[in-house]
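Student: Sharing a structure, written as structure tokens. Questions coming.
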Amino acid sequence: MKEASSQPLLGRIVYSVMRSQPGKKRARPWDDENGTTWLDSNSIFRRGFIFIAEEQGQEYSLVVPYQSLRIASHAASTGQLVRISQYCLLQYRDGWGEVLFSSDIVKDKKEKKRKASAVKQRGEDGSLVIEVFVDGLHLAAPPRNDHDNDEEIQSTVLTLEMLAQIEYQQLLTKGKKKKSQGKQPINVTGIVDAISPILVNDPQQDPFAIMELYQPPSKEAEDSTRTAVVIIRGERALSMHPAIHPGHVITLLGVLHRKWKVPDDFRKRAMDEKQSNEASLFERLCYCVPGRVILVTEASTIKWNDGTMFKPNLSLPSTVESLTSLRGIVKSVHYHCEENKHGKVSRVLHFVTIKPLTVSKENGPETASNDLNLARIYLPKYAPPPNVTIGLQAESIIRAVNIHFIQTPLGTEKKCPINHQVSNDYLSYVACLRSTISIERCAGECSHRNRSSNIWYVPSWKPFLLVPDRRISDICADRFHTRSSAQLLAEDRLRCELRSNHCAHSFSSEALPALLRYHYQIVDDYDQSDSEFVRCNCPNRKKNTMHTENGQSHRQTIRDPYAEFFDHAQSASHGDWTIECGSCSSSFSCFNRHCQSTSETMPIIIGTEDLRNACTHYFTKEIGSLSHRSTQAKGAELQAGWTTSLRIGGLKLLQVLNDYFMHSDKDPISRCASDSIDIYTGGQIAYTDQNVSASIFIHNDESAIPVFIVKKEEGDIGKNGINSTQFNELNSLFRWVHIDSMNLSCVCLGPCTKRKMTSVHAAYQNVFLPSAFPESVSVGHTFLFLVDNSVFIGSVYIVAKSIVLPTIVHQNWKSKPDPGGCDTRDDITTDSKLGIAACLEQTATSRKIGDPSIIIGQLVRHRFKFRKVKSTQKAGQVETQLEKCYEGWSVTLCHIDHSREESASDTASTLQTIEVTISIPFCNSNCVSDSAVSLDDLKSGLRELFHSQNMTNCGARITSDQETMCLAWWRASSCHQTLPILPCGSDLSGEDSHSVHVEIPLSARTFAKLGYQRFRCHFSELQAYHVIETRVHSIPSPMGDKCISAHKILPGILNRGLHRTMPVSAPSPLKYLASGGGISTVSLADLHWDVCKAIRDEDSSYLKPSLLRRIHDVKIMGISFCRARVECQQCFQTLVEKRGDPELITGKRAEGSTLLCPSGCSHFHAAVKWECSVIADDGTGQAKLYAEREAALLLLGTDLNVATVEKGAWYCKEGVFFQPSLPPSSSLAQSIRTAAAKARKHVSSSKKNYNANEELSATYSLLSDNAKAEYLLQQHCRHWSQHYGQRRLDLFCRCKPLSEELSLNGTEVNVAKAMIAQVGLEFGMTATSTLPPLKLTLEDACVCSEEKEDKLIGWEMLKTI
């Protein structure tokens, strides 16, 4: 062998078709389901051409190109020695090939010897394959030339025309005595029209092949083309089969011919198939099949008319009109993979993708087609020989003759109406039993170093066997189980990585195929809702069954090669070329119904524990950096109740994982920049029902993490969860989770009691608290960590795009909307769900006792604060037993219109909001009820945290209020119903974050005495879940995916992420505002009527003070009050002037200011609060409009120097204010006179020419800060009407309730009471009252929208009366 690698190989060639096991009856291979066959596992390498080395007797599977097939067949039939001079040697293990030697690459003799030695060592551990190059195979000795015999044979050769005439003469002499027809051997010549593959149709019979010869009509004769059928049977004769191709002119010597007719089975079947005027299969076969057949059983009887050693032309032969031929370079080979119940994978050649080549001229170069389209040749109906199966590799050149072209359906196709499933991405062809496919150039010849895919792959498939019709139907209907060799290699590498991973033992053999199927579906952007297998609407292929002799079992009938070979759309007998061979109903378009996945991107699989630890480590570092930046900027310290969250997904998650792996001495994740990022984790999925909540956990032996499935928004935004019955089938089973993002959030518990702590530059440590998962998992997803002196508690959970389920369960589940969580309550219809606007529209008298309706809203933000545990009752349930609860957690929800089909971002409005207080039950002072959360576990975790930071911190502790808040957060993070609330809401989230919808029962609402609606929801009655939406009216957060929660939404705050646009006609500080849904438009007259109803029924809820409404086209009559005063935003108290020891007040007030918070809060929490009161008129009435903070500045306009006024407000105890009925303060007048005198003196002394403008400018600059502030505010407000009096606005405001001590001014008026005949009207005095003034609170304002609304219609109606 060592010499054979450096010199031409010398040996013999044999052609093996089948090998039986002695003493054992050969079973039918298509009936076997146990994975054991009558062929050995490497049968593909032990069939076809086998090269046996002359020296050592080593066997090699041989791939012979088209130009050398005649030599190989001649050598196999005669046993002559051959010499292989140019070749490529490969070794296959488990289907994968590795190049060991190539004649056109290895030039160094030492390298050749090393390769030869490797072949000798590895030959015993794999299958060796030789790919012969063009002109690389020769006979060792030239063949004998029997010219005398050739001349004698040619004199007795019959053409098909002559054979037909002899048969005709025999028919005329039918009555006379004659010899038996067909017993005398004859010599026949003809042109090969088609030849079938070698068929091992039944192992009880010899293999055979069907060939059809034809003779074109002569120019003199007008008869039709003569044809003849040839059956080649037996292994010796079939050794010549690979060399026989359509277009070859051959001569059959000494063959017998017999009568042949269509079997009677087709006649019986025709009675069942006859449904219309179309010809039945039996009639078509009678038209196509000749009456006599030629039988060939010896290889020596087959001769080529142009000689054995002649190399055939590469030009493609002519075909019948319904068929075509093609040459091309193989780009990829795809296999259909199917796993049986015993876990064995069966792979069948599905299709090959090629780049078509133009028909080469004789001795001319071959060029690729200018057509940009690639072509696919579908192979399920074809039975490729081993020579083709092994040689069909990327960059090889193949030729396919007599293949069908699949036309793109035009219009409505009667046979297959699913036209939208037909792929137009490729030119599509189908090979059948009349097709011939061969290798023109092997892949190893084209310099494998330059190949686009250096992959050789051959599955262990049984050669020469037809794929059953049932499997063909499955292949045509299945678009997810077809893989290219490159995809299969990537999958094998992924399996090896998982085996080396510690978690590989936890998933079963079917887990990875389910993941890959789902992954290809995602990468190729297929619609998941149409992911199930859809069979073609064409009638099923042959489903006839064959009874066994005892009648106890049935099996699938094998395909009938007789019918498929002869029943072709090549004549007028077959009316439709799109119908499959041997079929009356199935269409060729079924093969091209789906776009197959071509992506080689593999899923990124991360262990659950690594995923949790990496994200937690990154999150704690971010909190530490944020705290460090705040300290350096002299900002406010992180106070108790401060919350923040972080959403990590996509590329950012991949970077976080790689950083973690690098610090953990693990291999980072490698990927191409063009690959999509799809990260998965695997574990046991468990559905837990803890009476209070239902949760989905993914867990292993080390940890458990909650999983939320993002819900797609499809019209009905209501919650559609999976019930417990569905999840009981999946409980405690291994599943894959497709990760959308990792969501982390935390709350600051405040400082520890011990001040001496570690530096912010230290490595941040975290301690995971015990899991709330009821199984034996000790570590959960809630963790404690320390930053400087502050203690934090956080949580991490997975937001999943989907849970990859088994095929059957996955289909049933995906037919329903994706759940955002599990719900154990009964299904609630859309009609029983109320938006926040509809809820606030109701009054105290309109509610019904026991109304089961649900209020649905979108999360805006949430906040925690210190609260003692106290005894409370559930909202709306007076008779319930008192329960100890923590009520320091409040959630702000905004309106979402769940009944509309638009996106949630189009119908959501952060203006229409409510605040819900959530009651978290505590069974006693040490633990939270109905959970595994306990104070003992918390203290244990704190001790471990302090010990891990520094030994000097072991004595640190937290207060009881901090413990209560910590336990409340832990409880909220342990429940699926509340965990999505912990990250920040829509007004602080990034553009790509998912919205969180929250549902609370209507019974959680109560009405206050003044008509306000209050909401207090018990922990067990709340439901939250993630929803996918496209945010078209949101402003991206400047911090990206990081969200920092603010305090309560204060009146007048405008930073709610609303979409504002500048008017085109007249630029203005006021802009157009997309307020979203849930805001109704009313007039001031409507609000006056509401005041009348509230007075009449003594019910303040008629005013609906909690409801925000829009008043259109309002004119501001003037400013009646304005003030800028400093207040504390922590305790909302006005700052006071306090004098005392400077050391006691250092750092708690602004520089130079004497104002302090009476509660002792830091000056960092102080800010200037603006207040403004105006008179609003919309044409139907007037109202007093009150605005504060940013809304007040919106009314004042942009000409005011706000910074100067706010600076002066810090030096005024009562603030800077304006009231039109009051003149400016005397201190301002005195300051102006003093400054004017100084300015006049300075100007007159510095310049000779006096300038009044310079004097005024100098006077203003000499004023004190508080004087400047008052002067600017007085000037702006007194001239406001001149600049802004004509503005038309849309106001978004709430109505103030009536005072509890309301007293009406009664009086009497003279009115007409009745009409008296012949007298006239009767007048009288009637008691009446003056309505109290209508007061409104402004939340936002914008430029008046261009709506056509005639407010004078009412007055016109009065004129007509």
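Chain identifiers are assigned as A, B, and so on, following the order in which chains appear in the structure tokens; residues are numbered from 1 within each chain, and ligands are numbered from 1 in order of appearance.
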Could I get the residues of range 182-268 of chain A with an atom no further than 9 Å from an atom of range 458-482 of chain A, each paired with its nearest atom pair and that distance in Å to one decimal, using only C-alpha atoms, sorted by chain and residue number, as a tab-separated table?

Tutor:
```
residue	atom	partner	partner_atom	distance
A:Pro197	CA	A:Phe464	CA	7.4
A:Ile198	CA	A:Phe464	CA	5.9
A:Leu199	CA	A:Phe464	CA	5.5
A:Val200	CA	A:Leu465	CA	5.8
A:Asn201	CA	A:Leu465	CA	6.8
A:Pro207	CA	A:Phe464	CA	8.8
```

Student: Within 9 Å of range 863-867 of chain A, counting only C-alpha atoms, which residues show up once you throw out same-chain ones fewer than 2 positions away? Write them as a VMD selection string, please.

Tutor: chain A and resid 640 to 643 747 861 869 to 870 886 to 892 961 to 962 964 to 965 969 982 1045 to 1048

Student: Please produce a file of the residues just selected, as a PDB file, in the first residue's frame, where the atoms kept are C-alpha atoms.

Tutor:
```pdb
ATOM      1  CA  ALA A 640     -34.201  52.883  50.346  1.00  0.00           C
ATOM      2  CA  GLY A 641     -36.878  52.058  47.810  1.00  0.00           C
ATOM      3  CA  TRP A 642     -34.690  53.015  44.833  1.00  0.00           C
ATOM      4  CA  THR A 643     -35.246  50.429  42.106  1.00  0.00           C
ATOM      5  CA  VAL A 747     -34.461  47.377  45.092  1.00  0.00           C
ATOM      6  CA  ARG A 861     -43.689  51.996  36.934  1.00  0.00           C
ATOM      7  CA  VAL A 869     -47.072  44.986  58.521  1.00  0.00           C
ATOM      8  CA  LYS A 870     -50.659  45.638  59.566  1.00  0.00           C
ATOM      9  CA  TYR A 886     -47.310  44.673  53.735  1.00  0.00           C
ATOM     10  CA  GLU A 887     -48.786  47.521  51.666  1.00  0.00           C
ATOM     11  CA  GLY A 888     -45.706  49.503  50.734  1.00  0.00           C
ATOM     12  CA  TRP A 889     -45.680  48.334  47.118  1.00  0.00           C
ATOM     13  CA  SER A 890     -47.589  50.511  44.626  1.00  0.00           C
ATOM     14  CA  VAL A 891     -47.919  49.975  40.877  1.00  0.00           C
ATOM     15  CA  THR A 892     -48.843  52.615  38.282  1.00  0.00           C
ATOM     16  CA  ASP A 961     -38.357  47.844  58.113  1.00  0.00           C
ATOM     17  CA  GLN A 962     -35.620  46.790  55.718  1.00  0.00           C
ATOM     18  CA  THR A 964     -39.992  43.627  55.783  1.00  0.00           C
ATOM     19  CA  MET A 965     -39.293  45.295  52.423  1.00  0.00           C
ATOM     20  CA  TRP A 969     -39.570  41.767  47.257  1.00  0.00           C
ATOM     21  CA  LEU A 982     -40.404  44.209  39.152  1.00  0.00           C
ATOM     22  CA  SER A1045     -37.273  53.854  38.530  1.00  0.00           C
ATOM     23  CA  ALA A1046     -38.345  57.297  39.696  1.00  0.00           C
ATOM     24  CA  HIS A1047     -40.714  58.076  42.525  1.00  0.00           C
ATOM     25  CA  LYS A1048     -44.436  58.505  42.247  1.00  0.00           C
TER      26      LYS A1048
END
```

Student: Skip Val348 in chain A itself and residues of its chain fewer than 3 positions away, then list as a list in words all residues within 9 Å of it, counting only C-alpha atoms.

Tutor: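 Residues near the query, excluding close chain neighbours: His334, Tyr335, His336, Cys337, Glu338, Leu379, Pro380, Pro459, Trp461 and Val467 of chain A.
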
Student: Taking into account only C-alpha atoms, which residue in the set A:Ile186, A:Val707, A:Leu1228, A:Asp567 is nearest to Gln977 in chain A?

Tutor: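 Smallest distance to Gln977 in chain A is found for A:Val707.
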
Student: Can you work out which one of A:Ser795, A:Lys666, A:Leu769, A:Leu512 has the shortest atom-to-atom distance to Arg735 in chain A, counting only C-alpha atoms?

Tutor: A:Leu512

Student: For each of A:Ser853, A:Gln165, A:Asn743, A:Ser625, take the minimum atom-to-atom distance to Ile798 in chain A, counting only C-alpha atoms, then give the residue where this is smallest.

Tutor: A:Asn743

Student: What does the distance between CA of Ala400 in chain A and CA of Cys288 in chain A come to in Å, to one decimal place?

Tutor: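 Taking CA of Ala400 in chain A and CA of Cys288 in chain A, their separation equals 23.4 Å.
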
Student: Just to confirm, what's the straight-line distance from CA of Leu516 in chain A to CA of Asn454 in chain A in Å (one decimal)?

Tutor: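 So the answer is 22.5 Å.
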
Student: Between A:Ile696, A:Val791, A:Val1174, A:Ile1316, single out the one closest to Cys975 in chain A, counting only C-alpha atoms.

Tutor: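 Using only C-alpha atoms, Cys975 in chain A sits closest to A:Ile696.
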
Student: I'd like the interatomic distance between CA of Ile855 in chain A and CA of Ala800 in chain A, to a tenth of an Å.

Tutor: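 Separation between CA of Ile855 in chain A and CA of Ala800 in chain A: 25.6 Å.
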
Student: Nearest residue to Ser1120 in chain A out of A:Glu1171, A:Glu963, A:Asp1097, A:Asp1178, using only C-alpha atoms?

Tutor: A:Glu1171

Student: List the spatial neighbours of Asn187 in chain A as a ChimeraX atom specification - criterion: any atom at most 12 Å away, only C-alpha atoms, same-chain residues fewer than 2 positions off excluded.

Tutor: /A:150,152-160,162-163,184-185,189-190,250-257,294-296,301-303

Student: Based on the backbone DSSP call, show me all residues of range 1147-1184 of chain A assigned strand (DSSP E), as a short mmCIF file (atom, residue, chain, number, x, y, z; two decimals) with N, CA and C atoms, in the first residue's frame.

Tutor:
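Final output, selection16.cif:
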```
data_model
loop_
_atom_site.label_atom_id
_atom_site.label_comp_id
_atom_site.auth_asym_id
_atom_site.auth_seq_id
_atom_site.Cartn_x
_atom_site.Cartn_y
_atom_site.Cartn_z
N LEU A 1155 -32.82 78.07 53.12
CA LEU A 1155 -34.00 77.23 53.15
C LEU A 1155 -33.60 75.78 53.44
N LEU A 1156 -34.35 75.16 54.34
CA LEU A 1156 -34.11 73.77 54.71
C LEU A 1156 -35.42 73.02 54.72
N ALA A 1166 -34.69 68.60 47.01
CA ALA A 1166 -35.47 69.82 46.88
C ALA A 1166 -35.47 70.30 45.45
N ALA A 1167 -36.56 70.89 45.01
CA ALA A 1167 -36.70 71.42 43.66
C ALA A 1167 -37.75 72.50 43.68
N VAL A 1168 -37.70 73.37 42.68
CA VAL A 1168 -38.66 74.47 42.57
C VAL A 1168 -39.96 73.92 41.97
N LYS A 1169 -41.04 74.18 42.64
CA LYS A 1169 -42.36 73.77 42.18
C LYS A 1169 -43.08 74.97 41.60
N TRP A 1170 -43.48 74.86 40.35
CA TRP A 1170 -44.23 75.92 39.68
C TRP A 1170 -45.72 75.66 39.83
N GLU A 1171 -46.46 76.72 40.04
CA GLU A 1171 -47.92 76.66 40.13
C GLU A 1171 -48.50 77.80 39.30
N CYS A 1172 -49.59 77.49 38.63
CA CYS A 1172 -50.21 78.48 37.77
C CYS A 1172 -51.71 78.25 37.73
N SER A 1173 -52.47 79.34 37.74
CA SER A 1173 -53.93 79.26 37.67
C SER A 1173 -54.41 80.24 36.61
N VAL A 1174 -55.29 79.76 35.71
CA VAL A 1174 -55.79 80.58 34.60
C VAL A 1174 -57.29 80.37 34.46
N ILE A 1175 -57.90 81.19 33.62
CA ILE A 1175 -59.30 81.05 33.25
C ILE A 1175 -59.34 80.49 31.84
N ALA A 1176 -60.03 79.34 31.67
CA ALA A 1176 -60.12 78.66 30.38
C ALA A 1176 -61.54 78.79 29.83
N ASP A 1177 -61.64 79.01 28.51
CA ASP A 1177 -62.93 79.18 27.84
C ASP A 1177 -62.90 78.38 26.55
N GLN A 1182 -66.82 78.37 31.02
CA GLN A 1182 -65.53 78.74 31.55
C GLN A 1182 -65.22 77.92 32.79
N ALA A 1183 -63.91 77.80 33.10
CA ALA A 1183 -63.48 77.04 34.27
C ALA A 1183 -62.15 77.60 34.74
N LYS A 1184 -61.90 77.39 36.00
CA LYS A 1184 -60.60 77.75 36.58
C LYS A 1184 -59.67 76.56 36.41
#
```
